[in-house]
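The structure appears right after this line, and notes come after that.
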Amino acid sequence: MIANLGYFALVLALLCTLYAAGLGVLSVSQRRPDWLESAHHAALLVWPLVTLSSLCLITLLVTDQYQISYVANATSRSMPLYLKVTAWWGGQAGSLLFWSWLMSTFAFVAMLRNWEHDRDLMPYVIAVTMITIAFFVGLVVFIENPFTRLWQLPTGDTVAAMMQPAGTLPFTPADGRGLNPLLRHLGMIIHPPMLYLGFVSFVIPYAFAMAALLTHRTDAAWLRATRRWTLVGWLFLSLGLLLGGRWAYDVLGWGGYWGWDPVENAAFMPWLTGTAFLHSVMIQEKRGMLKKWNIVLIILTYALVIFGTFLTRSGVLSSVHAFAQSAIGPAFFIFIGLTFIGSLALLFREWDHLRSDNQLDGLLSRESAFLLNNLLFMGIAISVFWGTVFPMISELVTNEKISVGPPFYNRVTGPQFAALVLLMGVAPLLAWRKASARQLGRLLLWPFLLTVVVVIALLAFGIYNWGALLGFGITALVTFTTLMEFGRGALARMRVNHEDPFTALTTLIARNRRRYGGYIIHLGVVLMAIGVIGSNFFQQETQGHLRPGEQLTLGRYVMTYDGLTEFTHTDGRDVARAVVSVYRDGVAVGQLFPRRDFYSETNQPMTIPGVRSSVEDDFYILLVSWEPIGDSGATFKIYLNPLVNWIWAGGLVFILGTLVAAWPDMLEEKRLAPATAYATQKAA
Amino acid sequence: MTPSIPMPTSGGRTKFLIGGLLIIGAIIYLVITTMRSTQQFFYTVQEMQAKGSSVIGKNLRVSGAVLGDTIQFDDKTLTVSFMMANISGKLEDVNAQALHLAALDTTSARVKVVYIGPKPDLLKHEAQAIVTGQLGEDGVFYADELLLKCPTRYEEQGSLQAQGN
């Protein structure tokens with residue numbers, strides 16, 4: 001009953017999206033504002049319908065309705081309530097419904113928020129967002145339906161279908177299969193919603209960009225209307241990537257946080273183009289340049305958002321041939337192709353109208369710095385894209401599977417990231433239009449001298465790896481120039497307004513949120529860069545088979561194996577838990593409990609490391625194997641990950657900076673109001 | 001265009017173009033050279049042996065079925081070694097049935113794998129091993145990474161376990 005209601009609500013939602021998209025577009029050509037009103041109402045109805053459908057699915061999940069195929073596959077009786085709820089996005093069909101729900105939520109808010117201000121863009125904003133939702137809801141309705149129930153054939157096999165197939169009986173399993181244990185981690189529960197939130201909020205700026213093209217608007221109105229959406233999308237995408245890294249580090253048990261896995265790359269690519277977009281819109285707002293490029297970037301970001309969902313959901317990753325076996329793969333492929341080509345066609349139609357208001361002047365200028373920034377972000381995005389799709393291309397073309405691993409990505413993106421970080425330190429010092437080399441030299445003098453001091457200090461500490469020295473040198477320079485920017489601004493306020501240093505600094509940031517929020521983000525990036533350099537260049541590892549009382553040494557750390565216990569946890573997993581004492585420079589620093597959980601219901605092991613974390617490094621112990629009889633010994637693999645915690649700390653600073661930049665600002669809203677209000681006058 | 005804004009000289013545009021092209025060229029060069037030195041070829045045991053000496057020393061990923069009674073482990077040197085049999089059919093169609101047939105077929109291509117590291121739990125008879133490393137002159141495959149898959153009753157939930165760097 002509930003399943004039928006959920007499915008029915010979704011079918012209605014699909015009809016509403018199609019009605020709203022069609023009528024919205026027709027309202028312009030037929031000059032019928034009342035049709036637009038109707039389209040608007042239909043579009044607003046989508047969110048409640050998808051919400052109702054989602055609530056139905058959640059009800060089925062938490063009440064153990066195992067006759068429903070999705071419930072039986074994603075939950076089991078032993079799972080706690082919160083995991084049953086989060087199973088909403090734990091499986092294929094549910095996660096597509098979840099995607100649709102988030103997308104419809106954002107479209108709903110955008111439609112309410114921007115309805116008055118951007119009336120003339122609205123028909124097309126409605127059309128683009130509704131078509132995107134229609135695609136995902138359509139996938140759920142026709143291909144990956146979470147509401148199908150199980151039926152038993154006379155042969156004993158079961159099939160899943162909405163209606164009872166002839167000759168079958170209803171079938172209800174006693175218990176479900178349960179959620180994949182690897183996904184029962186807090187990071188993994190929050191990670192997909194964050195990524196999806198980031199994904200869907202980039203659809204809004206894309207919709208406004210397309211609307212601007214379709215209405216022949218060549219100004220920056222679409223950018224102003226969607227600036228906060230872009231920042232919010234970017235914030236969630238960044239959070240999703242960070243949480244994914246943390247999850248990998250805590251649960252996957254290989255000592256690292258980023259493996260250049262295609263699924264990780266799928267989320268990283270829209271982040272890269274989105275970051276390029278965030279930077280290059282500043283040139284359009286300030287100088288009226290790069291109009292076409294900004295549209296290209298948002299088209300690319302939208303395409304990569306859909307491509308990212310496609311990569312993780314279509315089975316194309318395991319093999320291009322598996323891709324054809326699931327029906328959603330080709331559907332995604334066609335949708336991405338059509339929207340991508342359609343968007344580019346619209347852009348070319350408006351090509352001549354999107355001329356720059358200004359020209360580039362000096363090679364040494366803020367504009368050039370932004371151009372270089374975009375070039376590097378695109379370079380990294382294309383490198384990652386190439387590495388990700390190359391196995392599929394080579395399999396199709398040569399029938400040979402050729403893949404590239406982390407060494408490829410590290411070597412290709414490393415230099416590009418280093419150049420980007422360096423640029424991050426220098427660019428804020430450059431003047432718009434034309435900067436003088438002498439002025440730049442004077443500003444860079446002190447940061448540079450301090451950087452030389454840092455590098456000499458590092459040499460004195462015995463760091464001779466030139467790559468690491470270069471990396472640390474760049475991060476030091478960026479830290480000094482960025483702090484100097486805060487200092488210069490605050491000093492100017494102290495002189496002019498006679499403020500105390502604290503007031504000067506806080507007012508400076510509060511009055512220029514976007515600029516100084518951006519600099520705080522830059523400082524976060526620097527902290528993360530230090531963590532990445534430290535853990536990449538100086539990671540140490542060793543492994544050994546120990547009997548109780550024996551020890552293993554790595555760097556300044558010594559671990560002794562004290563013993564091992566095996567027991568069955570109340571939720572059904574078999575746990576083997578080792579007790580290990582850790583000494584640092586000969587001083588006892590505590591015990592760690594690396595363990596191995598084995599989920600017998602899914603026949604899946606999970607290695608949970610024992611980690612001693614400090615600002616300086618992580619001592620990371622994995623229990624690899626043990627002899628079940630007696631206490632004859634166990635094998636451990638241990639890692640020393642220097643500075644790895646700087647990544648998480650930098651992530652927090654990064655998020656803080658984004659919040660500073662994105663927080664609603666009443667003064668700014670007022671200042672921007674005239675720019676968008678004329679749209680209303682025109683419509684009125 | 002007002003006279004106060006100087007028209008850009010054609011040289012002005014050119015220097016941006018040249019600068020941009022140089023950077024793009026450098027990135028392309030970096031991608032191509034790194035690609036050459038890091039690419040891995042994915043083969044079945046039979047395909048690898050058919051290629052003969054041309055693949056010795058190259059980065060390879062090879063998939064095969066583990067033969068249980070050939071597994072040896074020395075816990076002093078942490079050396080794992082086992083024989084791996086060719087699995088016929090497509091790589092993506094590997095299931096319990098295909099692995100069982102591969103292990104039964106005594107005429108199929110086989111290769112000895114040596115891996116330095118702890119012995120993974122999932123290394124057992126008729127598991128699918130995906131090894132990454134190089135084929136030595138002696139015909140032994142020296143693996144840097146050992147990935148094991150055990151098909152379970154639930155196809156989509158086949159367990160995964162990764163070992164290596």
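Ligands are numbered from 1 in the order shown, chains are lettered A, B, ... in the order of the structure tokens, and residues start at 1 in each chain.
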
Requested in this report: Within region 141-243 of chain A, find each residue whose DSSP state, derived from the backbone, is strand (DSSP E or B), and express the selection as a list of chain:residue names.
Outcome: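 Answer for region 141-243 of chain A restricted to strand (DSSP E or B) is A:Arg149, A:Leu150, A:Trp151, A:Gln152, A:Thr158, A:Val159, A:Ala160, A:Ala161, A:Leu169, A:Pro170.
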
Report task. With a distance threshold of 8 Å and counting only C-alpha atoms, extract the residues of chain A near chain B and express them as number ranges by chain. Result -> A: 180, 254, 318-319, 321-322, 359-363, 372, 375, 379, 383, 400-405, 407-408, 411-412, 543-545, 602-605, 624-625, 635-637

Requested in this report: Identify which of the residues B:Val111, B:Leu101, B:Ser63, B:Gly25 lies closest to Met83 (chain B), counting only C-alpha atoms when measuring atom-to-atom distances.
Outcome: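 Result for the nearest residue to Met83 (chain B): B:Val111.
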
**Report entry** Point-to-point distance from CA of Ala43 (chain A) to CA of Met103 (chain A), Å rounded to tenths
**Finding:**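 CA of Ala43 (chain A) sits 12.0 Å away from CA of Met103 (chain A).
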
Where does region 42-110 of chain A meet region 126-137 of chain A within 10 Å, residue by residue, with the nearest atom pair and distance in Å to one decimal for each, counting only C-alpha atoms, listed by chain and rising number, as CSV?
```
residue,atom,partner,partner_atom,distance
A:Ala42,CA,A:Ile126,CA,9.9
A:Ala43,CA,A:Ile126,CA,7.0
A:Leu44,CA,A:Ile126,CA,9.7
A:Val46,CA,A:Met130,CA,8.8
A:Val50,CA,A:Val137,CA,8.6
A:Leu96,CA,A:Phe136,CA,6.6
A:Leu97,CA,A:Val137,CA,6.9
A:Phe98,CA,A:Phe136,CA,9.7
A:Trp99,CA,A:Phe136,CA,7.5
A:Ser100,CA,A:Phe136,CA,5.8
A:Trp101,CA,A:Ile133,CA,8.6
A:Leu102,CA,A:Ile133,CA,9.7
A:Met103,CA,A:Ile133,CA,6.6
A:Ser104,CA,A:Ile133,CA,6.7
A:Phe106,CA,A:Thr129,CA,9.3
A:Ala107,CA,A:Thr129,CA,6.4
A:Phe108,CA,A:Thr129,CA,9.7
A:Ala110,CA,A:Ile126,CA,9.5
```

If you keep all heavy atoms, can you produce a file of those selected residues as a short mmCIF file (atom, residue, chain, number, x, y, z; two decimals), in the first residue's frame?
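Written file, part_1.cif:
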```cif
data_model
loop_
_atom_site.label_atom_id
_atom_site.label_comp_id
_atom_site.auth_asym_id
_atom_site.auth_seq_id
_atom_site.Cartn_x
_atom_site.Cartn_y
_atom_site.Cartn_z
N ALA A 42 3.10 24.17 -10.95
CA ALA A 42 3.40 22.74 -11.16
C ALA A 42 4.80 22.42 -10.67
O ALA A 42 5.03 21.39 -10.04
CB ALA A 42 3.27 22.40 -12.64
N ALA A 43 5.74 23.34 -10.93
CA ALA A 43 7.13 23.12 -10.52
C ALA A 43 7.22 23.09 -9.00
O ALA A 43 7.97 22.30 -8.42
CB ALA A 43 8.03 24.20 -11.09
N LEU A 44 6.44 23.96 -8.33
CA LEU A 44 6.46 23.98 -6.87
C LEU A 44 5.86 22.70 -6.28
O LEU A 44 6.17 22.32 -5.17
CB LEU A 44 5.68 25.20 -6.35
CG LEU A 44 6.36 26.55 -6.53
CD1 LEU A 44 5.45 27.67 -6.03
CD2 LEU A 44 7.69 26.61 -5.80
N VAL A 46 6.38 19.72 -7.35
CA VAL A 46 7.28 18.58 -7.49
C VAL A 46 7.92 18.20 -6.16
O VAL A 46 7.98 17.03 -5.79
CB VAL A 46 8.37 18.88 -8.55
CG1 VAL A 46 9.42 17.78 -8.57
CG2 VAL A 46 7.74 19.01 -9.92
N VAL A 50 7.86 14.51 -4.38
CA VAL A 50 9.05 13.68 -4.22
C VAL A 50 9.30 13.44 -2.72
O VAL A 50 9.74 12.35 -2.31
CB VAL A 50 10.28 14.32 -4.90
CG1 VAL A 50 11.51 13.44 -4.73
CG2 VAL A 50 10.02 14.54 -6.37
N LEU A 96 19.21 7.24 -6.15
CA LEU A 96 18.69 8.06 -7.26
C LEU A 96 17.46 8.85 -6.81
O LEU A 96 17.28 10.01 -7.18
CB LEU A 96 18.35 7.19 -8.47
CG LEU A 96 19.55 6.61 -9.22
CD1 LEU A 96 19.09 5.61 -10.26
CD2 LEU A 96 20.35 7.71 -9.88
N LEU A 97 16.63 8.20 -5.96
CA LEU A 97 15.48 8.92 -5.41
C LEU A 97 15.97 10.06 -4.51
O LEU A 97 15.44 11.17 -4.55
CB LEU A 97 14.60 7.95 -4.60
CG LEU A 97 13.38 8.59 -3.92
CD1 LEU A 97 12.44 9.22 -4.92
CD2 LEU A 97 12.63 7.57 -3.07
N PHE A 98 17.01 9.77 -3.72
CA PHE A 98 17.59 10.78 -2.83
C PHE A 98 18.11 11.97 -3.64
O PHE A 98 17.90 13.13 -3.30
CB PHE A 98 18.71 10.13 -2.03
CG PHE A 98 19.36 11.04 -1.02
CD1 PHE A 98 18.63 11.54 0.04
CD2 PHE A 98 20.69 11.39 -1.14
CE1 PHE A 98 19.22 12.38 0.97
CE2 PHE A 98 21.29 12.24 -0.22
CZ PHE A 98 20.54 12.73 0.84
N TRP A 99 18.82 11.67 -4.72
CA TRP A 99 19.33 12.71 -5.64
C TRP A 99 18.16 13.57 -6.13
O TRP A 99 18.20 14.80 -6.08
CB TRP A 99 19.99 12.03 -6.84
CG TRP A 99 21.13 12.76 -7.50
CD1 TRP A 99 22.45 12.42 -7.40
CD2 TRP A 99 21.06 13.88 -8.40
NE1 TRP A 99 23.20 13.28 -8.17
CE2 TRP A 99 22.39 14.18 -8.79
CE3 TRP A 99 20.03 14.66 -8.90
CZ2 TRP A 99 22.69 15.22 -9.66
CZ3 TRP A 99 20.33 15.71 -9.77
CH2 TRP A 99 21.66 15.97 -10.14
N SER A 100 17.09 12.91 -6.58
CA SER A 100 15.92 13.64 -7.09
C SER A 100 15.33 14.53 -6.01
O SER A 100 14.92 15.66 -6.28
CB SER A 100 14.84 12.66 -7.56
OG SER A 100 15.37 11.66 -8.35
N TRP A 101 15.29 14.00 -4.77
CA TRP A 101 14.69 14.77 -3.69
C TRP A 101 15.52 16.03 -3.40
O TRP A 101 14.98 17.12 -3.27
CB TRP A 101 14.57 13.91 -2.42
CG TRP A 101 13.96 14.68 -1.29
CD1 TRP A 101 12.64 15.00 -1.15
CD2 TRP A 101 14.63 15.26 -0.17
NE1 TRP A 101 12.47 15.75 -0.01
CE2 TRP A 101 13.67 15.92 0.62
CE3 TRP A 101 15.97 15.28 0.24
CZ2 TRP A 101 13.99 16.60 1.78
CZ3 TRP A 101 16.31 15.94 1.42
CH2 TRP A 101 15.32 16.60 2.17
N LEU A 102 16.85 15.86 -3.31
CA LEU A 102 17.71 17.02 -3.05
C LEU A 102 17.56 18.05 -4.17
O LEU A 102 17.42 19.25 -3.93
CB LEU A 102 19.18 16.59 -2.96
CG LEU A 102 19.62 15.87 -1.69
CD1 LEU A 102 21.07 15.46 -1.82
CD2 LEU A 102 19.44 16.78 -0.49
N MET A 103 17.58 17.55 -5.41
CA MET A 103 17.47 18.45 -6.56
C MET A 103 16.15 19.20 -6.53
O MET A 103 16.11 20.41 -6.76
CB MET A 103 17.61 17.61 -7.84
CG MET A 103 17.57 18.40 -9.13
SD MET A 103 18.98 19.47 -9.36
CE MET A 103 18.19 21.05 -9.54
N SER A 104 15.07 18.49 -6.20
CA SER A 104 13.77 19.16 -6.20
C SER A 104 13.69 20.15 -5.03
O SER A 104 13.05 21.20 -5.15
CB SER A 104 12.63 18.15 -6.14
OG SER A 104 12.64 17.46 -4.93
N PHE A 106 16.23 21.95 -3.89
CA PHE A 106 16.96 23.15 -4.31
C PHE A 106 16.17 23.94 -5.35
O PHE A 106 16.13 25.16 -5.31
CB PHE A 106 18.34 22.75 -4.85
CG PHE A 106 19.37 22.63 -3.77
CD1 PHE A 106 19.13 21.87 -2.65
CD2 PHE A 106 20.59 23.29 -3.86
CE1 PHE A 106 20.06 21.77 -1.63
CE2 PHE A 106 21.53 23.19 -2.85
CZ PHE A 106 21.27 22.42 -1.74
N ALA A 107 15.55 23.22 -6.28
CA ALA A 107 14.77 23.90 -7.31
C ALA A 107 13.61 24.65 -6.66
O ALA A 107 13.30 25.79 -7.02
CB ALA A 107 14.23 22.88 -8.32
N PHE A 108 13.00 24.03 -5.65
CA PHE A 108 11.88 24.62 -4.92
C PHE A 108 12.32 25.94 -4.28
O PHE A 108 11.67 26.97 -4.43
CB PHE A 108 11.43 23.61 -3.85
CG PHE A 108 10.20 24.00 -3.08
CD1 PHE A 108 8.94 23.89 -3.66
CD2 PHE A 108 10.29 24.45 -1.77
CE1 PHE A 108 7.80 24.22 -2.95
CE2 PHE A 108 9.15 24.78 -1.05
CZ PHE A 108 7.91 24.67 -1.64
N ALA A 110 14.98 27.78 -5.00
CA ALA A 110 15.38 28.76 -6.02
C ALA A 110 14.15 29.41 -6.64
O ALA A 110 14.13 30.61 -6.91
CB ALA A 110 16.22 28.08 -7.10
#
```

Query - Surrounding residues of Ala85 (chain B) excluding itself and chain neighbours under 6 positions, 8 Å, only C-alpha atoms, as a PyMOL selection string - result: chain B and resi 45+64-67+102-103+108-111

Query raised in the report: Quick one: DSSP helix (DSSP H, G or I) residues in region 263-332 of chain A, as number ranges by chain?
Result: A: 263-287, 291-313, 320-325, 328-332

Query raised in the report: So which residues touch region 198-202 of chain A within 10 Å, counting only C-alpha atoms, skipping near sequence neighbours fewer than 3 positions away, as a PyMOL selection string?
Result: chain A and resi 99-107+110+129+132-133+192-195+205-207+226+228-240+267+270-271+274+298-299+301-302+304-306+308-309

Limited to C-alpha atoms, could you put the picked residues into a file as a tab-separated table (two decimals), in the first residue's frame?
```
chain	number	residue	atom	x	y	z
A	99	TRP	CA	19.33	12.71	-5.64
A	100	SER	CA	15.92	13.64	-7.09
A	101	TRP	CA	14.69	14.77	-3.69
A	102	LEU	CA	17.71	17.02	-3.05
A	103	MET	CA	17.47	18.45	-6.56
A	104	SER	CA	13.77	19.16	-6.20
A	105	THR	CA	14.41	20.79	-2.80
A	106	PHE	CA	16.96	23.15	-4.31
A	107	ALA	CA	14.77	23.90	-7.31
A	110	ALA	CA	15.38	28.76	-6.02
A	129	THR	CA	15.79	22.35	-13.46
A	132	THR	CA	17.08	17.57	-14.86
A	133	ILE	CA	14.65	16.36	-12.18
A	192	PRO	CA	27.05	10.88	-0.08
A	193	PRO	CA	24.52	13.54	1.03
A	194	MET	CA	27.30	16.14	1.07
A	195	LEU	CA	28.51	15.20	-2.40
A	205	PRO	CA	23.77	28.34	-11.64
A	206	TYR	CA	23.74	26.18	-14.77
A	207	ALA	CA	19.98	26.70	-15.13
A	226	THR	CA	23.42	32.46	-8.38
A	228	ARG	CA	25.43	32.12	-3.26
A	229	TRP	CA	24.18	28.90	-4.86
A	230	THR	CA	27.60	28.39	-6.37
A	231	LEU	CA	29.34	28.95	-3.05
A	232	VAL	CA	26.93	26.64	-1.23
A	233	GLY	CA	27.42	23.95	-3.87
A	234	TRP	CA	31.14	24.35	-3.63
A	235	LEU	CA	31.04	24.19	0.18
A	236	PHE	CA	29.13	20.90	0.18
A	237	LEU	CA	31.28	19.39	-2.54
A	238	SER	CA	34.42	20.31	-0.57
A	239	LEU	CA	32.91	18.86	2.61
A	240	GLY	CA	31.98	15.69	0.74
A	267	ALA	CA	33.50	13.99	-7.38
A	270	PRO	CA	33.26	19.04	-10.89
A	271	TRP	CA	35.00	20.52	-7.84
A	274	GLY	CA	33.60	24.67	-10.10
A	298	ILE	CA	29.34	26.12	-15.77
A	299	ILE	CA	28.31	23.85	-18.67
A	301	THR	CA	30.60	21.61	-14.26
A	302	TYR	CA	27.00	20.56	-14.90
A	304	LEU	CA	30.69	16.61	-14.83
A	305	VAL	CA	28.08	16.55	-12.05
A	306	ILE	CA	25.88	14.27	-14.15
A	308	GLY	CA	30.01	11.87	-11.71
A	309	THR	CA	26.65	10.37	-10.80
```
